file protein.cif (mmCIF, C-alpha atoms)
data_entry
loop_
_atom_site.label_atom_id
_atom_site.label_comp_id
_atom_site.auth_asym_id
_atom_site.auth_seq_id
_atom_site.Cartn_x
_atom_site.Cartn_y
_atom_site.Cartn_z
CA MET A 1 -15.65 153.94 -101.17
CA ILE A 2 -15.21 151.97 -97.97
CA ARG A 3 -14.23 148.86 -99.95
CA ALA A 4 -11.69 150.90 -101.87
CA GLY A 5 -10.28 152.23 -98.58
CA TRP A 6 -10.19 148.70 -97.11
CA HIS A 7 -8.05 147.49 -100.04
CA LEU A 8 -5.58 150.30 -99.46
CA ILE A 9 -4.80 148.95 -95.96
CA ASN A 10 -1.69 146.82 -95.62
CA PRO A 11 -2.67 143.06 -95.66
CA GLY A 12 -0.93 142.50 -92.30
CA VAL A 13 -2.85 145.32 -90.63
CA ARG A 14 -6.02 144.06 -92.31
CA PHE A 15 -5.49 140.60 -90.81
CA CYS A 16 -4.98 142.14 -87.36
CA LEU A 17 -8.18 144.21 -87.66
CA VAL A 18 -10.21 141.16 -88.76
CA ALA A 19 -8.71 139.11 -85.89
CA LEU A 20 -9.52 141.86 -83.38
CA ALA A 21 -13.08 142.19 -84.68
CA ALA A 22 -13.51 138.41 -84.41
CA LEU A 23 -12.18 138.43 -80.85
CA PHE A 24 -14.40 141.37 -79.93
CA LEU A 25 -17.46 139.51 -81.17
CA ALA A 26 -16.31 136.36 -79.43
CA SER A 27 -15.94 138.18 -76.11
CA CYS A 28 -19.73 138.44 -75.77
CA THR A 29 -21.70 137.05 -72.87
CA THR A 30 -24.45 134.45 -72.69
CA THR A 31 -27.04 134.76 -69.94
CA THR A 32 -29.70 132.38 -68.67
CA ILE A 33 -32.54 133.49 -66.43
CA ASP A 34 -34.76 131.11 -64.51
CA GLN A 35 -37.82 132.23 -62.57
CA TYR A 36 -39.96 130.34 -60.08
CA ARG A 37 -43.07 132.09 -58.78
CA GLN A 38 -44.70 130.98 -55.54
CA GLY A 39 -47.15 133.81 -54.98
CA ASP A 40 -48.77 136.94 -56.40
CA THR A 41 -46.81 140.17 -56.28
CA GLY A 42 -47.42 143.88 -56.72
CA ILE A 43 -46.03 147.08 -55.25
CA GLU A 44 -47.59 150.45 -54.38
CA GLY A 45 -45.85 153.80 -54.88
CA HIS A 46 -45.20 154.26 -51.15
CA GLU A 47 -43.72 150.78 -50.73
CA SER A 48 -40.09 149.85 -51.20
CA VAL A 49 -37.71 146.95 -51.73
CA VAL A 50 -34.48 146.18 -49.92
CA ILE A 51 -31.85 144.01 -51.58
CA LEU A 52 -29.50 142.20 -49.22
CA GLY A 53 -26.42 140.12 -50.01
CA ARG A 54 -25.94 136.72 -48.37
CA ARG A 55 -22.63 136.66 -46.48
CA GLN A 56 -22.91 133.58 -44.29
CA GLY A 57 -20.72 131.26 -46.34
CA ALA A 58 -17.05 130.77 -45.61
CA ALA A 59 -16.13 130.19 -49.26
CA TYR A 60 -17.52 133.40 -50.76
CA GLU A 61 -19.60 136.49 -50.02
CA THR A 62 -22.08 138.21 -52.30
CA ARG A 63 -20.26 141.40 -53.25
CA GLU A 64 -21.69 144.72 -52.08
CA GLU A 65 -21.06 146.17 -55.56
CA PHE A 66 -23.31 143.56 -57.17
CA VAL A 67 -26.10 144.24 -54.68
CA GLU A 68 -25.73 147.98 -55.36
CA CYS A 69 -25.75 147.39 -59.13
CA VAL A 70 -29.02 145.42 -58.99
CA GLY A 71 -30.59 148.07 -56.73
CA ASP A 72 -29.55 150.95 -58.98
CA ARG A 73 -30.92 149.23 -62.06
CA MET A 74 -34.24 148.37 -60.35
CA GLY A 75 -34.64 151.94 -59.15
CA ASN A 76 -34.03 153.47 -62.58
CA GLY A 77 -36.51 154.20 -65.34
CA ARG A 78 -40.12 155.27 -65.44
CA ASP A 79 -41.20 152.01 -63.80
CA GLY A 80 -38.38 152.15 -61.22
CA VAL A 81 -39.20 150.90 -57.72
CA ASN A 82 -38.09 152.48 -54.43
CA ILE A 83 -34.92 150.78 -53.26
CA VAL A 84 -33.60 151.11 -49.70
CA PRO A 85 -29.77 151.05 -49.63
CA GLU A 86 -28.46 147.82 -48.10
CA GLN A 87 -26.08 149.32 -45.49
CA LEU A 88 -28.66 151.89 -44.33
CA PHE A 89 -31.21 149.12 -43.75
CA VAL A 90 -28.75 146.71 -42.06
CA ASP A 91 -27.51 149.48 -39.71
CA ALA A 92 -31.04 150.63 -38.87
CA LEU A 93 -32.16 147.06 -38.15
CA PHE A 94 -28.98 146.14 -36.23
CA PRO A 95 -28.44 143.41 -34.97
CA TRP A 96 -31.09 141.45 -36.87
CA PHE A 97 -29.53 141.33 -40.37
CA GLU A 98 -25.88 140.65 -39.55
CA PRO A 99 -24.24 137.57 -41.19
CA ARG A 100 -24.64 135.59 -37.94
CA THR A 101 -28.19 136.65 -37.11
CA ALA A 102 -29.94 137.22 -40.47
CA PRO A 103 -33.04 135.09 -41.15
CA MET A 104 -32.12 132.22 -43.47
CA ARG A 105 -35.56 130.92 -44.42
CA SER A 106 -38.84 132.70 -45.04
CA ASP A 107 -40.22 130.90 -41.94
CA ASP A 108 -37.69 132.88 -39.87
CA LEU A 109 -39.32 136.11 -41.10
CA GLU A 110 -42.43 135.41 -39.03
CA GLN A 111 -40.24 134.96 -35.94
CA LEU A 112 -38.27 138.11 -36.74
CA MET A 113 -41.42 140.19 -37.14
CA ALA A 114 -42.53 139.03 -33.69
CA GLN A 115 -39.49 140.72 -32.12
CA PRO A 116 -40.06 144.07 -30.43
CA LEU A 117 -38.96 147.15 -32.42
CA VAL A 118 -38.40 145.20 -35.67
CA PRO A 119 -41.83 145.60 -37.37
CA GLU A 120 -41.81 149.35 -36.58
CA LYS A 121 -38.38 149.81 -38.15
CA ILE A 122 -39.32 147.81 -41.23
CA SER A 123 -42.53 149.77 -41.71
CA GLU A 124 -40.60 153.07 -41.26
CA PHE A 125 -38.77 152.16 -44.47
CA GLY A 126 -42.01 151.03 -46.13
CA ILE A 127 -40.43 147.68 -46.99
CA ARG A 128 -42.75 145.40 -48.96
CA TYR A 129 -40.17 142.97 -50.32
CA ILE A 130 -36.85 141.70 -49.01
CA VAL A 131 -34.68 140.30 -51.80
CA TRP A 132 -31.80 138.04 -50.78
CA LEU A 133 -29.03 137.89 -53.36
CA ASP A 134 -26.62 135.00 -53.20
CA GLY A 135 -23.83 134.24 -55.65
CA GLU A 136 -20.45 135.08 -57.08
CA THR A 137 -18.41 135.39 -60.24
CA GLN A 138 -15.62 132.88 -60.78
CA ARG A 139 -12.72 133.13 -63.21
CA THR A 140 -11.71 129.91 -64.95
CA ASN A 141 -9.67 128.66 -67.93
CA GLU A 142 -6.98 131.32 -67.68
CA MET A 143 -4.57 130.78 -70.58
CA GLY A 144 -1.69 132.46 -72.36
CA SER A 145 0.89 134.97 -71.21
CA ILE A 146 1.89 138.55 -71.91
CA SER A 147 5.45 139.81 -71.54
CA CYS A 148 6.29 143.48 -71.23
CA ALA A 149 9.74 145.05 -71.50
CA VAL A 150 11.08 148.57 -71.13
CA GLY A 151 14.39 149.69 -72.64
CA PRO A 152 16.19 152.98 -73.37
CA GLY A 153 14.44 153.20 -76.75
CA GLY A 154 10.94 152.57 -75.36
CA GLY A 155 8.84 149.67 -74.21
CA GLY A 156 6.09 147.36 -75.24
CA CYS A 157 4.17 144.20 -74.55
CA PHE A 158 3.69 141.07 -76.59
CA GLY A 159 1.57 138.02 -76.06
CA PHE A 160 -1.97 136.83 -75.66
CA GLY A 161 -4.13 136.00 -72.67
CA SER A 162 -7.66 134.72 -72.30
CA TRP A 163 -9.97 133.67 -69.50
CA GLU A 164 -13.59 132.80 -68.81
CA ASP A 165 -15.85 134.43 -66.24
CA ASP A 166 -18.90 132.62 -64.86
CA SER A 167 -21.47 134.49 -62.78
CA SER A 168 -24.12 132.61 -60.91
CA PHE A 169 -26.60 134.52 -58.75
CA GLU A 170 -29.89 133.67 -57.12
CA ALA A 171 -32.48 136.11 -55.79
CA ARG A 172 -35.05 134.95 -53.26
CA ILE A 173 -37.97 137.32 -52.80
CA TRP A 174 -39.81 137.51 -49.49
CA ASP A 175 -43.06 139.40 -49.11
CA VAL A 176 -42.98 141.21 -45.77
CA SER A 177 -46.76 141.81 -45.74
CA SER A 178 -47.61 138.09 -46.01
CA ARG A 179 -44.32 136.92 -44.37
CA THR A 180 -43.84 134.35 -47.14
CA ALA A 181 -41.43 133.58 -49.95
CA VAL A 182 -43.03 134.63 -53.23
CA GLY A 183 -40.40 133.50 -55.71
CA THR A 184 -36.86 132.78 -56.80
CA ILE A 185 -35.00 134.14 -59.80
CA SER A 186 -31.61 132.83 -60.83
CA ALA A 187 -29.23 134.36 -63.34
CA ASP A 188 -26.26 132.58 -64.87
CA ALA A 189 -23.93 134.41 -67.21
CA SER A 190 -20.66 133.39 -68.78
CA GLY A 191 -18.26 134.91 -71.25
CA GLN A 192 -14.76 134.64 -72.62
CA SER A 193 -12.38 137.61 -72.39
CA TYR A 194 -9.25 138.16 -74.47
CA MET A 195 -6.17 140.31 -74.06
CA PRO A 196 -3.98 140.43 -77.17
CA ALA A 197 -0.86 142.55 -76.78
CA VAL A 198 1.13 143.93 -79.73
CA PHE A 199 3.15 146.75 -78.14
CA VAL A 200 0.03 147.75 -76.18
CA PRO A 201 -2.34 145.29 -74.42
CA ILE A 202 -5.85 145.52 -75.89
CA PRO A 203 -8.39 144.27 -73.34
CA LEU A 204 -11.50 142.70 -74.89
CA ILE A 205 -13.41 142.08 -71.70
CA ALA A 206 -16.69 140.19 -71.50
CA ARG A 207 -18.72 142.14 -68.91
CA VAL A 208 -20.21 139.02 -67.40
CA GLU A 209 -21.16 140.29 -63.94
CA ALA A 210 -22.61 143.52 -65.34
CA LYS A 211 -24.73 141.49 -67.74
CA ALA A 212 -25.90 139.20 -64.91
CA CYS A 213 -26.73 142.30 -62.84
CA ASN A 214 -28.76 143.99 -65.60
CA THR A 215 -30.68 140.86 -66.57
CA LEU A 216 -31.43 139.90 -62.98
CA ALA A 217 -32.46 143.46 -62.03
CA ASP A 218 -34.84 143.77 -65.01
CA GLN A 219 -36.43 140.42 -64.21
CA LEU A 220 -36.69 141.27 -60.50
CA LYS A 221 -38.33 144.60 -61.27
CA GLN A 222 -40.97 142.95 -63.46
CA PHE A 223 -41.45 140.26 -60.81
CA VAL A 224 -42.19 142.65 -57.93
CA ILE A 225 -44.33 144.96 -60.06
CA GLY A 226 -46.39 141.84 -60.90
CA GLY A 227 -49.42 141.96 -63.13
CA MET B 1 33.14 167.44 -52.90
CA ILE B 2 29.59 168.62 -53.40
CA LYS B 3 28.93 165.52 -55.50
CA GLY B 4 30.25 163.36 -52.64
CA ARG B 5 27.97 165.08 -50.13
CA GLN B 6 25.00 164.67 -52.46
CA SER B 7 25.78 160.96 -52.79
CA VAL B 8 25.86 160.61 -48.99
CA ASN B 9 22.51 162.42 -48.73
CA VAL B 10 20.94 160.19 -51.38
CA PHE B 11 22.37 157.09 -49.67
CA THR B 12 21.03 158.22 -46.26
CA LEU B 13 17.62 158.91 -47.78
CA LEU B 14 17.55 155.48 -49.44
CA LEU B 15 18.62 153.81 -46.20
CA LEU B 16 15.86 155.61 -44.28
CA MET B 17 13.32 154.57 -46.91
CA ILE B 18 14.46 150.94 -46.72
CA LEU B 19 14.42 150.95 -42.92
CA GLY B 20 11.03 152.66 -42.94
CA GLY B 21 9.74 149.97 -45.30
CA CYS B 22 11.00 147.25 -42.94
CA GLY B 23 9.23 148.65 -39.85
CA ALA B 24 5.93 147.33 -38.53
CA SER B 25 2.71 149.11 -39.53
CA THR B 26 0.25 150.25 -36.91
CA VAL B 27 -3.46 149.84 -37.54
CA THR B 28 -5.68 151.77 -35.14
CA VAL B 29 -9.09 150.17 -35.58
CA GLN B 30 -11.76 152.73 -36.43
CA GLY B 31 -15.37 152.05 -37.25
CA ASN B 32 -18.98 153.03 -36.67
CA TYR B 33 -21.18 150.79 -34.60
CA PRO B 34 -24.97 151.05 -34.85
CA THR B 35 -27.25 151.09 -31.83
CA PRO B 36 -29.01 147.73 -31.38
CA ASN B 37 -32.78 147.50 -31.70
CA VAL B 38 -33.48 145.55 -28.53
CA PRO B 39 -35.69 146.59 -25.64
CA PRO B 40 -33.55 147.84 -22.72
CA LYS B 41 -33.48 145.67 -19.58
CA ALA B 42 -34.60 147.30 -16.34
CA LEU B 43 -31.12 147.14 -14.86
CA THR B 44 -28.40 149.57 -13.86
CA LEU B 45 -25.20 148.07 -15.16
CA GLY B 46 -21.74 149.05 -14.04
CA VAL B 47 -19.08 148.45 -16.67
CA TYR B 48 -15.40 148.20 -15.92
CA TYR B 49 -12.83 148.12 -18.74
CA PRO B 50 -9.55 146.64 -17.43
CA ASP B 51 -6.35 148.37 -18.58
CA GLU B 52 -5.37 145.36 -20.76
CA PHE B 53 -8.71 145.75 -22.54
CA ARG B 54 -8.51 149.55 -22.86
CA ASN B 55 -4.98 149.38 -24.28
CA PHE B 56 -5.31 146.14 -26.23
CA VAL B 57 -2.74 145.82 -29.03
CA TYR B 58 -2.28 142.67 -31.08
CA THR B 59 1.12 142.11 -32.70
CA GLU B 60 1.34 140.11 -35.91
CA PHE B 61 4.79 138.68 -36.63
CA THR B 62 6.40 137.75 -39.94
CA ASP B 63 7.48 134.16 -40.59
CA ARG B 64 10.96 135.21 -39.45
CA GLY B 65 9.61 136.48 -36.14
CA ASN B 66 9.80 140.21 -36.87
CA GLU B 67 6.98 142.53 -35.89
CA GLU B 68 4.79 143.17 -38.95
CA TYR B 69 1.52 144.77 -37.79
CA PHE B 70 0.34 146.31 -34.54
CA VAL B 71 -3.44 146.23 -34.33
CA GLN B 72 -4.63 148.75 -31.73
CA ALA B 73 -8.19 147.68 -30.95
CA GLY B 74 -8.72 148.83 -27.34
CA ASN B 75 -10.34 152.21 -28.01
CA SER B 76 -12.59 150.82 -30.71
CA HIS B 77 -13.85 148.10 -28.33
CA ILE B 78 -14.68 150.72 -25.71
CA GLU B 79 -16.51 152.75 -28.35
CA LEU B 80 -18.43 149.61 -29.32
CA PHE B 81 -19.51 148.74 -25.74
CA ASN B 82 -20.32 152.38 -24.99
CA THR B 83 -22.78 152.27 -27.92
CA LEU B 84 -24.08 148.78 -27.26
CA LEU B 85 -24.66 148.73 -23.49
CA PRO B 86 -26.74 151.96 -23.09
CA ALA B 87 -29.20 150.53 -25.65
CA MET B 88 -29.40 147.19 -23.82
CA PHE B 89 -29.78 148.47 -20.24
CA GLN B 90 -31.83 151.22 -18.65
CA ARG B 91 -28.74 152.85 -17.11
CA VAL B 92 -25.03 152.24 -17.57
CA VAL B 93 -22.30 153.53 -15.27
CA VAL B 94 -18.70 153.34 -16.48
CA LEU B 95 -16.51 152.50 -13.50
CA ASP B 96 -12.90 153.67 -13.29
CA ASP B 97 -12.29 151.41 -10.35
CA LEU B 98 -13.96 148.11 -9.43
CA ALA B 99 -14.00 149.17 -5.77
CA ALA B 100 -16.39 152.02 -6.70
CA ALA B 101 -19.09 149.53 -7.79
CA GLY B 102 -20.62 149.30 -4.32
CA SER B 103 -21.22 153.04 -4.02
CA ALA B 104 -22.32 153.48 -7.68
CA GLU B 105 -25.75 151.88 -7.00
CA VAL B 106 -25.45 149.36 -9.82
CA ASP B 107 -27.23 146.01 -10.02
CA ALA B 108 -24.26 144.21 -11.57
CA VAL B 109 -20.81 144.85 -12.93
CA PHE B 110 -19.83 143.78 -16.43
CA MET B 111 -16.16 143.27 -17.32
CA PRO B 112 -15.08 142.25 -20.84
CA SER B 113 -11.62 140.97 -21.73
CA ILE B 114 -9.88 139.72 -24.88
CA ASP B 115 -8.43 136.23 -24.46
CA GLU B 116 -7.15 135.63 -27.95
CA PHE B 117 -6.87 137.58 -31.20
CA GLN B 118 -6.00 136.01 -34.55
CA LEU B 119 -5.32 137.74 -37.82
CA GLY B 120 -5.26 136.29 -41.33
CA ILE B 121 -3.82 138.38 -44.16
CA PRO B 122 -3.76 137.44 -47.86
CA ALA B 123 0.06 137.29 -47.99
CA LYS B 124 0.01 134.46 -45.44
CA THR B 125 -3.29 132.66 -45.92
CA ARG B 126 -3.33 132.92 -49.76
CA LEU B 127 -7.02 133.79 -49.45
CA ASP B 128 -8.57 136.86 -51.09
CA ALA B 129 -9.50 138.30 -47.72
CA CYS B 130 -8.32 139.70 -44.42
CA GLU B 131 -9.81 137.82 -41.48
CA VAL B 132 -10.00 138.57 -37.77
CA TRP B 133 -11.05 136.05 -35.14
CA VAL B 134 -11.32 137.04 -31.48
CA ARG B 135 -12.13 135.10 -28.32
CA TYR B 136 -13.55 137.15 -25.44
CA ASN B 137 -14.17 136.41 -21.82
CA MET B 138 -17.23 138.15 -20.42
CA ARG B 139 -17.70 138.43 -16.69
CA LEU B 140 -20.74 139.59 -14.74
CA THR B 141 -20.46 140.09 -10.97
CA ARG B 142 -22.51 141.52 -8.12
CA PRO B 143 -21.46 145.01 -6.97
CA ASP B 144 -19.55 143.35 -4.08
CA GLY B 145 -17.60 141.20 -6.56
CA GLY B 146 -19.70 138.04 -6.05
CA TYR B 147 -19.94 135.75 -9.08
CA ILE B 148 -22.95 135.91 -11.39
CA ALA B 149 -21.63 134.62 -14.72
CA ASP B 150 -18.48 134.07 -16.69
CA TRP B 151 -18.73 133.09 -20.35
CA VAL B 152 -16.75 132.92 -23.57
CA MET B 153 -17.78 134.60 -26.82
CA THR B 154 -16.10 134.42 -30.21
CA ALA B 155 -16.33 136.87 -33.07
CA TYR B 156 -15.30 136.66 -36.70
CA GLY B 157 -14.93 139.31 -39.37
CA LYS B 158 -13.76 139.25 -42.95
CA SER B 159 -13.05 141.87 -45.60
CA SER B 160 -12.68 140.76 -49.21
CA GLN B 161 -9.53 141.83 -51.02
CA GLY B 162 -11.47 143.55 -53.79
CA THR B 163 -12.95 146.00 -51.30
CA PHE B 164 -9.81 147.34 -49.61
CA SER B 165 -6.99 149.46 -50.97
CA SER B 166 -4.23 148.28 -48.60
CA THR B 167 -3.62 145.46 -46.14
CA GLU B 168 -3.95 147.97 -43.26
CA ARG B 169 -7.38 148.96 -44.55
CA GLY B 170 -8.34 145.29 -44.90
CA ILE B 171 -7.25 144.56 -41.32
CA ASN B 172 -9.31 147.51 -40.07
CA ASP B 173 -12.42 146.45 -42.00
CA ALA B 174 -12.11 142.82 -40.84
CA ALA B 175 -11.65 143.95 -37.22
CA VAL B 176 -14.72 146.24 -37.45
CA ALA B 177 -16.73 143.37 -38.99
CA SER B 178 -15.68 141.07 -36.14
CA MET B 179 -16.73 143.68 -33.58
CA ARG B 180 -20.13 144.04 -35.24
CA ASP B 181 -20.39 140.25 -35.06
CA LEU B 182 -19.60 140.37 -31.34
CA ALA B 183 -22.11 143.17 -30.75
CA SER B 184 -24.93 141.38 -32.60
CA ASN B 185 -24.27 138.12 -30.78
CA PHE B 186 -23.93 139.83 -27.39
CA ALA B 187 -27.13 141.86 -27.80
CA LEU B 188 -29.20 138.82 -28.77
CA THR B 189 -27.77 136.19 -26.44
CA PHE B 190 -26.99 138.09 -23.22
CA ASP B 191 -30.06 136.90 -21.34
CA GLN B 192 -29.77 133.37 -22.79
CA ILE B 193 -26.51 132.68 -20.92
CA PRO B 194 -27.76 130.14 -18.32
CA GLU B 195 -26.21 131.88 -15.26
CA VAL B 196 -27.36 135.31 -16.46
CA SER B 197 -30.83 133.97 -17.14
CA ASP B 198 -30.99 132.39 -13.65
CA TRP B 199 -29.83 135.62 -12.03
CA LEU B 200 -32.34 137.72 -14.02
CA ASN B 201 -35.19 135.34 -13.12
CA ALA B 202 -34.23 135.33 -9.43
CA ARG B 203 -34.03 139.11 -9.47
CA ASN B 204 -37.41 139.48 -11.21
CA ASN B 205 -39.00 137.07 -8.71
CA ALA B 206 -37.55 139.06 -5.81
CA VAL B 207 -38.86 142.33 -7.27
CA THR B 208 -42.33 140.79 -7.82
CA ALA B 209 -42.36 139.39 -4.26
CA SER B 210 -41.34 142.72 -2.71
CA ARG B 211 -44.07 144.52 -4.68
CA ALA B 212 -46.66 141.96 -3.47
CA ASN B 213 -45.67 142.63 0.12
#
call {"tool": "encode", "arguments": {"input": "protein.cif", "output": "structure tokens"}}
result
Amino acid sequence: MIRAGWHLINPGVRFCLVALAALFLASCTTTTIDQYRQGDTGIEGHESVVILGRRQGAAYETREEFVECVGDRMGNGRDGVNIVPEQLFVDALFPWFEPRTAPMRSDDLEQLMAQPLVPEKISEFGIRYIVWLDGETQRTNEMGSISCAVGPGGGGCFGFGSWEDDSSFEARIWDVSSRTAVGTISADASGQSYMPAVFVPIPLIARVEAKACNTLADQLKQFVIGG
Amino acid sequence: MIKGRQSVNVFTLLLLMILGGCGASTVTVQGNYPTPNVPPKALTLGVYYPDEFRNFVYTEFTDRGNEEYFVQAGNSHIELFNTLLPAMFQRVVVLDDLAAAGSAEVDAVFMPSIDEFQLGIPAKTRLDACEVWVRYNMRLTRPDGGYIADWVMTAYGKSSQGTFSSTERGINDAAVASMRDLASNFALTFDQIPEVSDWLNARNNAVTASRAN
């Protein structure tokens, strides 16, 4: 029945549908996860994790939205862990986690915990792990062009555009109880997006950053749960 | 006749819109500043905000020399220091007049000023961010005006283009970020300024000696 229906479609339209389906499949994302464990992990029900974005570099900053995405994903599900929102933690611990003052290495954590008022604040939140996220998504290989025109009889667009997104993020996990680094997880994702336009632009977007977020968050969750 | 009047009205309206679009935008910096987690020093600090500091406005010009943005940052700086200083010192007295310092029973008088303010906006820098860089001059004196310390501090703040809806919003966010940067640096380095450190040590020694006697 479906085959019969398929044959009834105009060959030109059929070609377009096949081309669109091919592009849709091509706009998928490939992700690579790499994990390095330095110590044992585990988390109790009353303990929590804070995920912080690195913002020291002049060239780029880890986007707040990505940090939020990883936190939301880690906090969801039956095995979800308690996540302390980044801004709430940074404000409560002011001025110790600002871009200029934040500890850069796990050795600095020992020094930070020796400061008055800091250990009390951290234990108020029940923080067991501090996760530092560092990375960005870059757009490369932008090609093609789309022209749009509007006239008295209507308007439309014609053309084709494509680009590649590459996400590269690294999560460093510090155990507050032992004041040591317990591991590093890196996530690299890339994908090609297409935007054909025949009267109307049809975006076929590879959700590269979302994929990097989900994969990294799932891996991070399993890492801190341990076992 | 009516059509003619309507045309004049439409023309006037268009002219006003064009002129309005050409005018400079004013950004009044607004933000929230958290209280620092540092132990308060056993000092009563007088703070005096000079008029140039209270009413600080930075003007950004276009490449043709026309006024483009007015950044009003005076009030926000006062809000910042009024949050920061009471957490850093046991008691803070805001002085309306420097001459009142002697009778206000303060240990020292702090006076901040803005030496230089720089603004970077995407339209000019071609970067995906608004940036604010500020150089401050901080001055600490005895209640009688005698010198204790005078030092320079710089602050930097950035807001990425993806996070703000307009350039005005981006300027505000970058200015607030730079003020947080100033506050964090000030709170953690105040007693590391060599002259301040010497004065604090001398003061502590004098207090210890007077208690021993």
call {"tool": "interface_residues", "arguments": {"input": "protein.cif", "of": "chain B", "to": "chain A", "cutoff": "9 Å", "atoms": "only C-alpha atoms", "output": "MDAnalysis selection string"}}
result
chainID B and resid 33:39 160 163 180:181 183:185 187:188
call {"tool": "closest_residue", "arguments": {"input": "protein.cif", "among": "B:Thr62, B:Thr83, B:Ser159, B:Asn55", "to": "B:Ser113", "atoms": "all atoms listed in the file"}}
result
B:Asn55
call {"tool": "resolve_selection", "arguments": {"input": "protein.cif", "expression": "the PyMOL selection byres ((chain A and resi 184) around 8)", "output": "list in words"}}
result
Gln35, Tyr36, Arg37, Glu170, Ala171, Arg172, Ile173, Val182, Gly183, Ile185 and Ser186 of chain A
call {"tool": "residues_around", "arguments": {"input": "protein.cif", "residues": "stretch 130-132 of chain A", "least_positions_apart": "2", "cutoff": "8 Å", "atoms": "only C-alpha atoms", "output": "number ranges by chain"}}
result
A: 49-54, 127-128, 134, 170-176
call {"tool": "resolve_selection", "arguments": {"input": "protein.cif", "expression": "the PyMOL selection byres ((chain A and resi 188) around 7)", "output": "PyMOL selection string"}}
result
chain A and resi 31-33+167-169+186-187+189-190+212
call {"tool": "resolve_selection", "arguments": {"input": "protein.cif", "expression": "the PyMOL selection byres ((chain A and resi 70) around 8)", "output": "mmCIF file with C-alpha atoms, in the frame of the given file"}}
result
data_model
loop_
_atom_site.group_PDB
_atom_site.id
_atom_site.type_symbol
_atom_site.label_atom_id
_atom_site.label_comp_id
_atom_site.auth_asym_id
_atom_site.auth_seq_id
_atom_site.Cartn_x
_atom_site.Cartn_y
_atom_site.Cartn_z
ATOM 1 C CA PHE A 66 -23.310 143.560 -57.170
ATOM 2 C CA VAL A 67 -26.100 144.240 -54.680
ATOM 3 C CA GLU A 68 -25.730 147.980 -55.360
ATOM 4 C CA CYS A 69 -25.750 147.390 -59.130
ATOM 5 C CA GLY A 71 -30.590 148.070 -56.730
ATOM 6 C CA ASP A 72 -29.550 150.950 -58.980
ATOM 7 C CA ARG A 73 -30.920 149.230 -62.060
ATOM 8 C CA MET A 74 -34.240 148.370 -60.350
ATOM 9 C CA CYS A 213 -26.730 142.300 -62.840
ATOM 10 C CA ASN A 214 -28.760 143.990 -65.600
ATOM 11 C CA LEU A 216 -31.430 139.900 -62.980
ATOM 12 C CA ALA A 217 -32.460 143.460 -62.030
#
call {"tool": "residues_around", "arguments": {"input": "protein.cif", "residues": "B:Trp133", "least_positions_apart": "2", "cutoff": "8 Å", "atoms": "only C-alpha atoms", "output": "compact mmCIF listing (two decimals) with C-alpha atoms, keeping the file's coordinate frame"}}
result
# COMPACT_ATOMS: atom_id res chain seq x y z
CA PHE B 117 -6.87 137.58 -31.20
CA GLN B 118 -6.00 136.01 -34.55
CA LEU B 119 -5.32 137.74 -37.82
CA GLU B 131 -9.81 137.82 -41.48
CA ARG B 135 -12.13 135.10 -28.32
CA THR B 154 -16.10 134.42 -30.21
CA ALA B 155 -16.33 136.87 -33.07
CA TYR B 156 -15.30 136.66 -36.70
CA GLY B 157 -14.93 139.31 -39.37
CA SER B 178 -15.68 141.07 -36.14
call {"tool": "atom_distance", "arguments": {"input": "protein.cif", "atom1": "atom CA of B:Thr28", "atom2": "atom CA of B:Thr59"}}
result
12.1 Å
call {"tool": "closest_residue", "arguments": {"input": "protein.cif", "among": "B:Thr189, B:Asp128, B:Met88, B:Trp151", "to": "B:Phe164", "atoms": "only C-alpha atoms"}}
result
B:Asp128
call {"tool": "atom_distance", "arguments": {"input": "protein.cif", "atom1": "atom CA of B:Phe89", "atom2": "atom CA of B:Gly46"}}
result
10.2 Å
call {"tool": "closest_residue", "arguments": {"input": "protein.cif", "among": "B:Gly23, B:Met111, B:Glu105, B:Phe70", "to": "B:Arg54", "atoms": "only C-alpha atoms"}}
result
B:Met111
call {"tool": "axis_aligned_box", "arguments": {"input": "protein.cif", "around": "stretch 137-155 of chain B", "padding_each_side": "3 Å", "output": "AutoDock Vina command-line options"}}
result
--center_x -18.6 --center_y 139.0 --center_z -18.6 --size_x 14.8 --size_y 18.1 --size_z 35.0
call {"tool": "atom_distance", "arguments": {"input": "protein.cif", "atom1": "atom CA of B:Asn137", "atom2": "atom CA of B:Asp51"}}
result
14.7 Å
call {"tool": "residues_around", "arguments": {"input": "protein.cif", "residues": "B:Leu98", "least_positions_apart": "5", "cutoff": "9 Å", "atoms": "only C-alpha atoms", "output": "PyMOL selection string"}}
result
chain B and resi 47-48+109+143+145
call {"tool": "residues_around", "arguments": {"input": "protein.cif", "residues": "A:Gly191", "least_positions_apart": "2", "cutoff": "9 Å", "atoms": "all atoms listed in the file", "output": "list in words"}}
result
Ala26, Ser27, Cys28, Thr29, Thr30, Thr31, Trp163, Glu164, Asp165, Asp166, Ala189, Ser193, Ile205, Ala206, Arg207 and Val208 of chain A
call {"tool": "closest_residue", "arguments": {"input": "protein.cif", "among": "A:Glu47, A:Gly159, A:Arg105, A:Phe223", "to": "A:Gly144", "atoms": "all atoms listed in the file"}}
result
A:Gly159
call {"tool": "closest_residue", "arguments": {"input": "protein.cif", "among": "B:Thr167, B:Gln30, B:Asn75, B:Thr44", "to": "B:Val92", "atoms": "all atoms listed in the file"}}
result
B:Thr44
call {"tool": "residues_around", "arguments": {"input": "protein.cif", "residues": "A:Gln111", "least_positions_apart": "5", "cutoff": "10 Å", "atoms": "only C-alpha atoms", "output": "ChimeraX atom specification"}}
result
/A:103,106,179
